[in-house]
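A.B. asks: Please read through the structure below; I'll follow up with questions.
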Amino acid sequence: MIKFFEVMTTGFYIGKLKKFGPTISIVIVIPFLFLKQKILIFFIILFISLIGSYLMVKKTNKKDPQEVVIDEIVGFFFIFLFLEFNLTNFLIAFVFFRIFDLLKPFPINFLEEIPYLGVVLDDLMAGAYSLLTIKLIAS
């Protein structure tokens, strides 16, 4: 069971790549964006990310293990619950998501500090900031 969560949280081991694991892992979202049940898929991924991140934090004894990339996946997927998927939106969302994920403006930096849950919550907030920014620019 723990092996399942390790495979999922590392994005099928993409997270084990030394430099670009989190960035590359976002590509995993693409096939899910073509499915009709996006909300159900989102909550399944969110559930797996919360449990898996908790287990990986315990296993590695790190606050936010670098190899865990499911948090980026769920945070980026969140954007497309409210945004139409096309190449332009994907690229714009990708840029904003990476900016917010790297800069961690308030309250992202605060959420990141919450034990265990912070692994996922900061990326969900980065997704929410990205979505809000895209919607504001589009209007």
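Within each chain, counting starts at residue 1; across the structure tokens, chains are named A, B, ... in the order shown, with ligands numbered 1 upward in that order.
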Select from chain A everything DSSP, run on the backbone, classes as alpha helix (DSSP H), then give the selection as a ChimeraX atom specification.
C.D. replies: /A:2-9,21-25,29-32,38-60,70-79,87-103,108-112,118-138
A.B. asks: Given the choices A:Glu6, A:Gln37, A:Pro65, A:Arg98, which gets closest to Ile24 (chain A) if the distance is worked out from only C-alpha atoms?
C.D. replies: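 Using only C-alpha atoms, Ile24 (chain A) sits closest to A:Arg98.
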A.B. asks: Between A:Ile137, A:Val7, A:Leu131, A:Ile114, which residue has the minimum interatomic distance to Phe90 (chain A), considering only C-alpha atoms?
C.D. replies: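 Ranked by minimum distance to Phe90 (chain A), first place goes to A:Leu131.
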A.B. asks: Restricting the calculation to only C-alpha atoms: of A:Lys104, A:Lys3, A:Lys16, A:Lys135, which residue gets closest to Asp123 (chain A)?
C.D. replies: A:Lys104
A.B. asks: Would you kindly return, as a ChimeraX atom specification, each protein, DNA or RNA residue with an atom no farther than 9 Å from any atom of Leu121 (chain A), considering only C-alpha atoms and excluding same-chain residues fewer than 6 positions away?
C.D. replies: /A:71,75,108,111-112,114
A.B. asks: Tell me which protein, DNA and RNA residues are within 12 Å of Phe42 (chain A), counting only C-alpha atoms, leaving out same-chain ones fewer than 6 positions away, and put them as an MDAnalysis selection string.
C.D. replies: chainID A and resid 29 32:33 35:36 48:49 70:71 73:82 124
